[in-house]
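**Student:** My structure is stored as input.cif, with mmCIF, C-alpha atoms.
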```cif
data_model
#
loop_
_atom_site.label_atom_id
_atom_site.label_comp_id
_atom_site.auth_asym_id
_atom_site.auth_seq_id
_atom_site.Cartn_x
_atom_site.Cartn_y
_atom_site.Cartn_z
CA ASN A 215 91.75 78.64 119.00
CA ALA A 216 93.89 78.65 115.87
CA GLY A 217 90.99 79.24 113.46
CA VAL A 218 92.00 78.21 109.94
CA THR A 219 95.59 77.08 109.44
CA GLN A 220 97.41 76.36 106.20
CA THR A 221 100.69 74.68 105.41
CA PRO A 222 103.09 75.40 103.91
CA LYS A 223 103.24 79.22 103.92
CA PHE A 224 105.54 79.34 100.90
CA GLN A 225 106.45 76.80 98.23
CA VAL A 226 108.48 76.79 95.04
CA LEU A 227 107.90 73.97 92.56
CA LYS A 228 109.26 73.06 89.20
CA THR A 229 106.91 72.44 86.31
CA GLY A 230 105.52 68.92 86.52
CA GLN A 231 106.08 68.44 90.24
CA SER A 232 103.21 67.59 92.52
CA MET A 233 102.29 68.82 95.95
CA THR A 234 99.47 68.98 98.47
CA LEU A 235 98.37 72.10 100.28
CA GLN A 236 96.98 71.40 103.72
CA CYS A 237 94.18 73.21 105.50
CA ALA A 238 92.76 72.57 108.95
CA GLN A 239 90.13 74.33 111.04
CA ASP A 240 89.15 74.09 114.68
CA MET A 241 85.90 76.08 114.43
CA ASN A 242 83.65 73.07 113.80
CA HIS A 243 82.34 74.58 110.55
CA ASN A 244 80.81 72.27 107.97
CA SER A 245 81.76 74.11 104.78
CA MET A 246 85.30 74.61 103.56
CA TYR A 247 86.70 76.27 100.42
CA TRP A 248 89.83 76.62 98.37
CA TYR A 249 90.46 79.90 96.51
CA ARG A 250 93.26 81.20 94.40
CA GLN A 251 94.14 84.87 94.27
CA ASP A 252 95.94 86.41 91.34
CA PRO A 253 96.74 90.11 90.86
CA GLY A 254 93.70 91.98 89.57
CA MET A 255 91.56 88.82 89.55
CA GLY A 256 90.13 88.82 93.03
CA LEU A 257 89.39 85.50 94.73
CA ARG A 258 88.35 82.61 92.52
CA LEU A 259 86.84 79.45 93.92
CA ILE A 260 88.68 76.26 93.01
CA TYR A 261 86.76 73.61 94.97
CA TYR A 262 84.50 73.52 97.97
CA SER A 263 83.16 71.03 100.46
CA ALA A 264 79.72 71.73 101.88
CA SER A 265 80.12 68.99 104.46
CA GLU A 266 82.34 66.11 105.42
CA GLY A 267 82.37 63.55 102.63
CA THR A 268 81.32 65.90 99.82
CA THR A 269 83.33 68.02 97.41
CA ASP A 270 82.31 70.09 94.39
CA LYS A 271 84.00 72.06 91.65
CA GLY A 272 84.13 75.81 91.76
CA GLU A 273 84.96 78.31 89.06
CA VAL A 274 88.53 77.17 88.25
CA PRO A 275 88.96 73.46 89.14
CA ASN A 276 91.16 72.33 86.25
CA GLY A 277 94.55 71.01 87.35
CA TYR A 278 93.48 70.51 90.97
CA ASN A 279 92.02 67.78 93.15
CA VAL A 280 90.74 67.97 96.70
CA SER A 281 90.13 65.68 99.65
CA ARG A 282 87.89 66.34 102.62
CA LEU A 283 89.70 64.06 104.99
CA ASN A 284 87.38 64.74 107.93
CA LYS A 285 85.41 67.68 109.27
CA ARG A 286 88.60 69.54 110.21
CA GLU A 287 90.80 69.01 107.17
CA PHE A 288 90.48 69.92 103.49
CA SER A 289 93.50 69.44 101.24
CA LEU A 290 94.24 70.70 97.72
CA ARG A 291 96.49 68.70 95.40
CA LEU A 292 98.35 69.80 92.31
CA GLU A 293 99.22 66.63 90.40
CA SER A 294 101.46 68.22 87.77
CA ALA A 295 102.19 71.85 88.55
CA ALA A 296 102.23 74.43 85.76
CA PRO A 297 103.49 78.04 85.79
CA SER A 298 99.87 79.17 85.41
CA GLN A 299 99.24 77.80 88.89
CA THR A 300 101.59 80.33 90.44
CA SER A 301 99.28 82.09 92.86
CA VAL A 302 98.33 82.66 96.46
CA TYR A 303 96.01 79.95 97.73
CA PHE A 304 93.55 80.56 100.53
CA CYS A 305 91.50 78.05 102.45
CA ALA A 306 88.31 79.28 104.10
CA THR A 307 85.41 78.06 106.20
CA TYR A 308 81.83 79.28 106.37
CA ARG A 309 79.50 80.03 109.22
CA PHE A 310 75.89 81.17 109.28
CA ALA A 311 75.02 82.54 112.68
CA GLY A 312 72.62 85.21 113.87
CA GLY A 313 71.52 85.85 110.29
CA VAL A 314 75.06 86.62 109.20
CA ASN A 315 76.92 84.69 106.52
CA GLU A 316 80.65 84.87 107.11
CA GLN A 317 83.73 83.22 105.66
CA PHE A 318 86.91 82.80 107.69
CA PHE A 319 90.19 82.65 105.80
CA GLY A 320 93.50 81.01 106.54
CA PRO A 321 96.79 82.90 106.16
CA GLY A 322 97.42 81.58 102.66
CA THR A 323 100.07 79.60 100.79
CA ARG A 324 102.23 81.48 98.32
CA LEU A 325 103.10 79.09 95.50
CA THR A 326 105.56 79.71 92.68
CA VAL A 327 105.88 77.26 89.80
CA LEU A 328 109.02 77.66 87.73
CA GLY B 110 78.23 83.62 84.49
CA GLN B 111 77.39 85.55 87.62
CA GLN B 112 79.61 88.54 88.18
CA VAL B 113 80.06 91.24 90.76
CA MET B 114 81.75 94.30 89.32
CA GLN B 115 83.83 96.45 91.63
CA ILE B 116 85.34 99.85 90.90
CA PRO B 117 87.80 101.41 90.99
CA GLN B 118 90.55 98.80 90.84
CA TYR B 119 93.03 101.12 92.53
CA GLN B 120 92.73 104.28 94.59
CA HIS B 121 95.56 106.41 95.88
CA VAL B 122 94.62 109.03 98.45
CA GLN B 123 96.34 111.47 100.75
CA GLU B 124 95.86 110.70 104.41
CA GLY B 125 92.75 112.49 105.60
CA GLU B 126 90.95 112.30 102.25
CA ASP B 127 87.82 110.24 101.81
CA PHE B 128 87.60 106.99 99.84
CA THR B 129 84.73 105.12 98.22
CA THR B 130 84.53 101.78 96.45
CA TYR B 131 81.49 100.59 94.53
CA CYS B 132 80.10 97.16 93.83
CA ASN B 133 77.49 96.34 91.17
CA SER B 134 75.52 93.26 90.21
CA SER B 135 73.23 92.74 87.22
CA THR B 136 70.94 90.65 89.40
CA THR B 137 69.19 91.29 92.70
CA LEU B 138 71.21 90.08 95.65
CA SER B 139 69.90 88.53 98.86
CA ASN B 140 72.80 90.08 100.73
CA ILE B 141 76.23 91.50 100.18
CA GLN B 142 79.35 91.21 102.29
CA TRP B 143 82.51 93.26 102.54
CA TYR B 144 85.99 91.97 103.34
CA LYS B 145 89.30 93.70 103.92
CA GLN B 146 92.70 92.25 103.08
CA ARG B 147 95.79 93.95 104.47
CA PRO B 148 98.97 93.76 102.36
CA GLY B 149 100.42 90.26 102.68
CA GLY B 150 97.42 89.14 104.71
CA HIS B 151 94.20 87.29 104.23
CA PRO B 152 90.64 88.56 103.71
CA VAL B 153 88.78 89.41 106.89
CA PHE B 154 85.02 89.81 107.10
CA LEU B 155 83.85 93.36 107.80
CA ILE B 156 80.09 93.38 107.47
CA GLN B 157 76.98 91.97 105.82
CA LEU B 158 74.11 94.03 104.39
CA VAL B 159 70.72 92.43 103.84
CA LYS B 160 67.92 95.01 103.61
CA SER B 161 67.10 97.30 100.73
CA GLY B 162 68.59 100.74 101.36
CA GLU B 163 70.44 99.53 104.44
CA VAL B 164 73.21 101.74 105.85
CA LYS B 165 75.64 100.51 108.47
CA LYS B 166 78.54 102.29 110.09
CA GLN B 167 81.72 101.05 111.70
CA LYS B 168 83.61 104.05 113.04
CA ARG B 169 84.84 105.87 109.90
CA LEU B 170 83.48 103.21 107.52
CA THR B 171 79.98 103.54 106.06
CA PHE B 172 78.42 100.69 104.11
CA GLN B 173 75.33 101.06 101.92
CA PHE B 174 73.11 98.60 100.10
CA GLY B 175 71.14 99.98 97.19
CA GLU B 176 67.37 100.23 97.11
CA ALA B 177 67.20 97.65 94.32
CA LYS B 178 69.71 95.42 96.12
CA LYS B 179 71.95 95.40 93.05
CA ASN B 180 74.69 97.69 94.26
CA SER B 181 76.62 98.55 97.35
CA SER B 182 79.30 100.97 98.45
CA LEU B 183 81.92 101.33 101.14
CA HIS B 184 82.93 104.84 102.12
CA ILE B 185 85.84 105.66 104.42
CA THR B 186 85.93 109.14 105.93
CA ALA B 187 89.30 110.76 106.60
CA THR B 188 91.48 107.84 105.62
CA GLN B 189 94.35 106.77 107.81
CA THR B 190 97.41 104.68 106.98
CA THR B 191 95.79 101.80 108.84
CA ASP B 192 93.10 101.70 106.13
CA VAL B 193 95.62 100.51 103.53
CA GLY B 194 94.63 97.25 101.88
CA THR B 195 92.28 95.72 99.37
CA TYR B 196 88.54 95.87 99.94
CA PHE B 197 86.34 93.18 98.42
CA CYS B 198 82.62 92.91 98.09
CA ALA B 199 81.11 89.43 97.88
CA ALA B 200 77.66 88.13 97.04
CA PRO B 201 76.00 84.71 97.37
CA ALA B 202 76.68 82.51 94.35
CA TYR B 203 73.53 81.36 92.59
CA GLY B 204 73.12 77.63 92.26
CA GLY B 205 75.88 76.79 94.65
CA SER B 206 75.84 75.61 98.21
CA GLN B 207 74.82 78.01 100.98
CA GLY B 208 77.91 79.95 101.87
CA ASN B 209 79.40 80.00 98.38
CA LEU B 210 80.40 83.52 97.39
CA ILE B 211 81.28 85.42 94.25
CA PHE B 212 83.92 88.05 95.02
CA GLY B 213 84.47 91.32 93.23
CA LYS B 214 88.01 91.89 92.01
CA GLY B 215 88.64 94.31 94.84
CA THR B 216 89.74 97.91 95.24
CA LYS B 217 93.30 98.37 96.38
CA LEU B 218 93.64 101.43 98.59
CA SER B 219 96.94 103.13 99.22
CA VAL B 220 97.25 106.06 101.62
CA LYS B 221 100.04 108.58 101.44
CA PRO B 222 100.94 109.99 104.87
#
```
Could you render the structure from this file as structure tokens?
**Tutor:**
Amino acid sequence: NAGVTQTPKFQVLKTGQSMTLQCAQDMNHNSMYWYRQDPGMGLRLIYYSASEGTTDKGEVPNGYNVSRLNKREFSLRLESAAPSQTSVYFCATYRFAGGVNEQFFGPGTRLTVL
Amino acid sequence: GQQVMQIPQYQHVQEGEDFTTYCNSSTTLSNIQWYKQRPGGHPVFLIQLVKSGEVKKQKRLTFQFGEAKKNSSLHITATQTTDVGTYFCAAPAYGGSQGNLIFGKGTKLSVKP
């Protein structure tokens, strides 16, 4: 099983360009998340999807849109990239099993906006 | 808004020394989780603590949950170079969906051989 996969691994954009970050999971988890990680800022939630067909804003949603295409896939779109969106983006899923809450992270996308 | 404060931000130790990172919340937590992120990698779940005063061990790592369930710590005994990385605590986010977490800013551990 691949777990949580993300594409691309690296991306360089110019200010104003758009792009979509892809995330897919094969763990059959209902909930999926998009985080951004900046130095010294920890992980901040951008958007999440508690189940197929639903999406909600997290802590830092401005400048982003998401699509929960199906249970497996959750994409993050930057419509008009800005240098402030230079970051590492992680997709994650959530499982509650045996009394344990656990998030599973993808390998990340390292995005630079010039 | 809800915050989970984690200190220190950085810790540099000599191999073999001990290391501790602390996590504090102003509100009572139902549980707390710890994650480790290796350099260039992604966060990986280590453990969840649920009970007041709970102590759990994983080899050289000892995790504690405070009696008031407002703080937690991770202690590593006799650090090794394989312990290098950033350690995050995370707590359930109030008002969000089950599974939503608030992460501390992390403690970045470096180990000098």
**Student:** I need the contact residues of chain B against chain A, so if you could list those with any atom within 7 Å, counting all atoms listed in the file, and return them as a ChimeraX atom specification, that would help.
**Tutor:** /B:150-154,157,206,208,212-215
**Student:** Show which residues sit within 8 Å of stretch 175-185 of chain B, as an MDAnalysis selection string. Count all atoms listed in the file, and ignore same-chain residues fewer than 5 positions away.
**Tutor:** chainID B and resid 127:141 160:163 169:170
**Student:** Apply the PyMOL selection byres ((chain A and resi 277) around 8) to the structure shown and report the selected residues as a PyMOL selection string.
**Tutor:** chain A and resi 275-276+278-279+292-295
**Student:** Can you measure atom CA of A:Cys237 to atom CA of B:Tyr196 for me? One decimal in Å is fine.
**Tutor:**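 One can read the atom CA of A:Cys237 to atom CA of B:Tyr196 distance as 24.0 Å.
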**Student:** Go ahead and compute the interatomic distance for atom CA of A:Lys228 and atom CA of A:Ala296, in Å to one decimal.
**Tutor:** 7.9 Å
**Student:** Could you tell me which residues the PyMOL selection byres ((chain A and resi 217) around 9) returns for this structure, as a PDB file with C-alpha atoms, in the frame of the given file?
**Tutor:**
```pdb
ATOM      1  CA  ASN A 215      91.750  78.640 119.000  1.00  0.00           C
ATOM      2  CA  ALA A 216      93.890  78.650 115.870  1.00  0.00           C
ATOM      3  CA  VAL A 218      92.000  78.210 109.940  1.00  0.00           C
ATOM      4  CA  THR A 219      95.590  77.080 109.440  1.00  0.00           C
ATOM      5  CA  ALA A 238      92.760  72.570 108.950  1.00  0.00           C
ATOM      6  CA  GLN A 239      90.130  74.330 111.040  1.00  0.00           C
ATOM      7  CA  ASP A 240      89.150  74.090 114.680  1.00  0.00           C
ATOM      8  CA  MET A 241      85.900  76.080 114.430  1.00  0.00           C
ATOM      9  CA  PHE A 318      86.910  82.800 107.690  1.00  0.00           C
ATOM     10  CA  PHE A 319      90.190  82.650 105.800  1.00  0.00           C
ATOM     11  CA  GLY A 320      93.500  81.010 106.540  1.00  0.00           C
TER      12      GLY A 320
END
```
**Student:** Which centre and edge lengths in Å to one decimal define the box along x, y and z that fits every listed atom of stretch 249-258 of chain A plus 5 Å per side, as JSON?
**Tutor:**
```
{"center_x": 92.5, "center_y": 85.9, "center_z": 93.0, "size_x": 18.4, "size_y": 22.1, "size_z": 17.0}
```
**Student:** So what does the PyMOL selection byres ((chain B and resi 199) around 6) actually pick up in this one, as a CSV table (one decimal) with C-alpha atoms, in the coordinates of the input?
**Tutor:**
```csv
chain,number,residue,atom,x,y,z
B,141,ILE,CA,76.2,91.5,100.2
B,142,GLN,CA,79.4,91.2,102.3
B,198,CYS,CA,82.6,92.9,98.1
B,200,ALA,CA,77.7,88.1,97.0
B,210,LEU,CA,80.4,83.5,97.4
B,211,ILE,CA,81.3,85.4,94.2
B,212,PHE,CA,83.9,88.0,95.0
```
**Student:** Using all atoms listed in the file for the distances, tell me which of B:Thr188, B:Lys145, B:Gly110, B:Leu155 is nearest to B:Lys217.
**Tutor:**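 Result for the nearest residue to B:Lys217: B:Lys145.
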**Student:** Take the point (74.7, 100.9, 102.6) as written in the file and pick out every residue within 6 Å of it, counting all atoms listed in the file; give the list as a list in words.
**Tutor:**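 Here the neighbourhood of the point contains Glu163, Val164, Lys165, Phe172, Gln173 and Phe174 of chain B.
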**Student:** Which residues, written as a VMD selection string, have at least one atom at most 8 Å from A:Leu290, with all atoms listed in the file counted and residues fewer than 5 positions away on the same chain left out?
**Tutor:** chain A and resid 234 to 236 248 278 to 281
**Student:** Quote the spacing between atom CA of B:Leu218 and atom CA of B:Tyr119 in Å to one decimal place.
**Tutor:** 6.1 Å
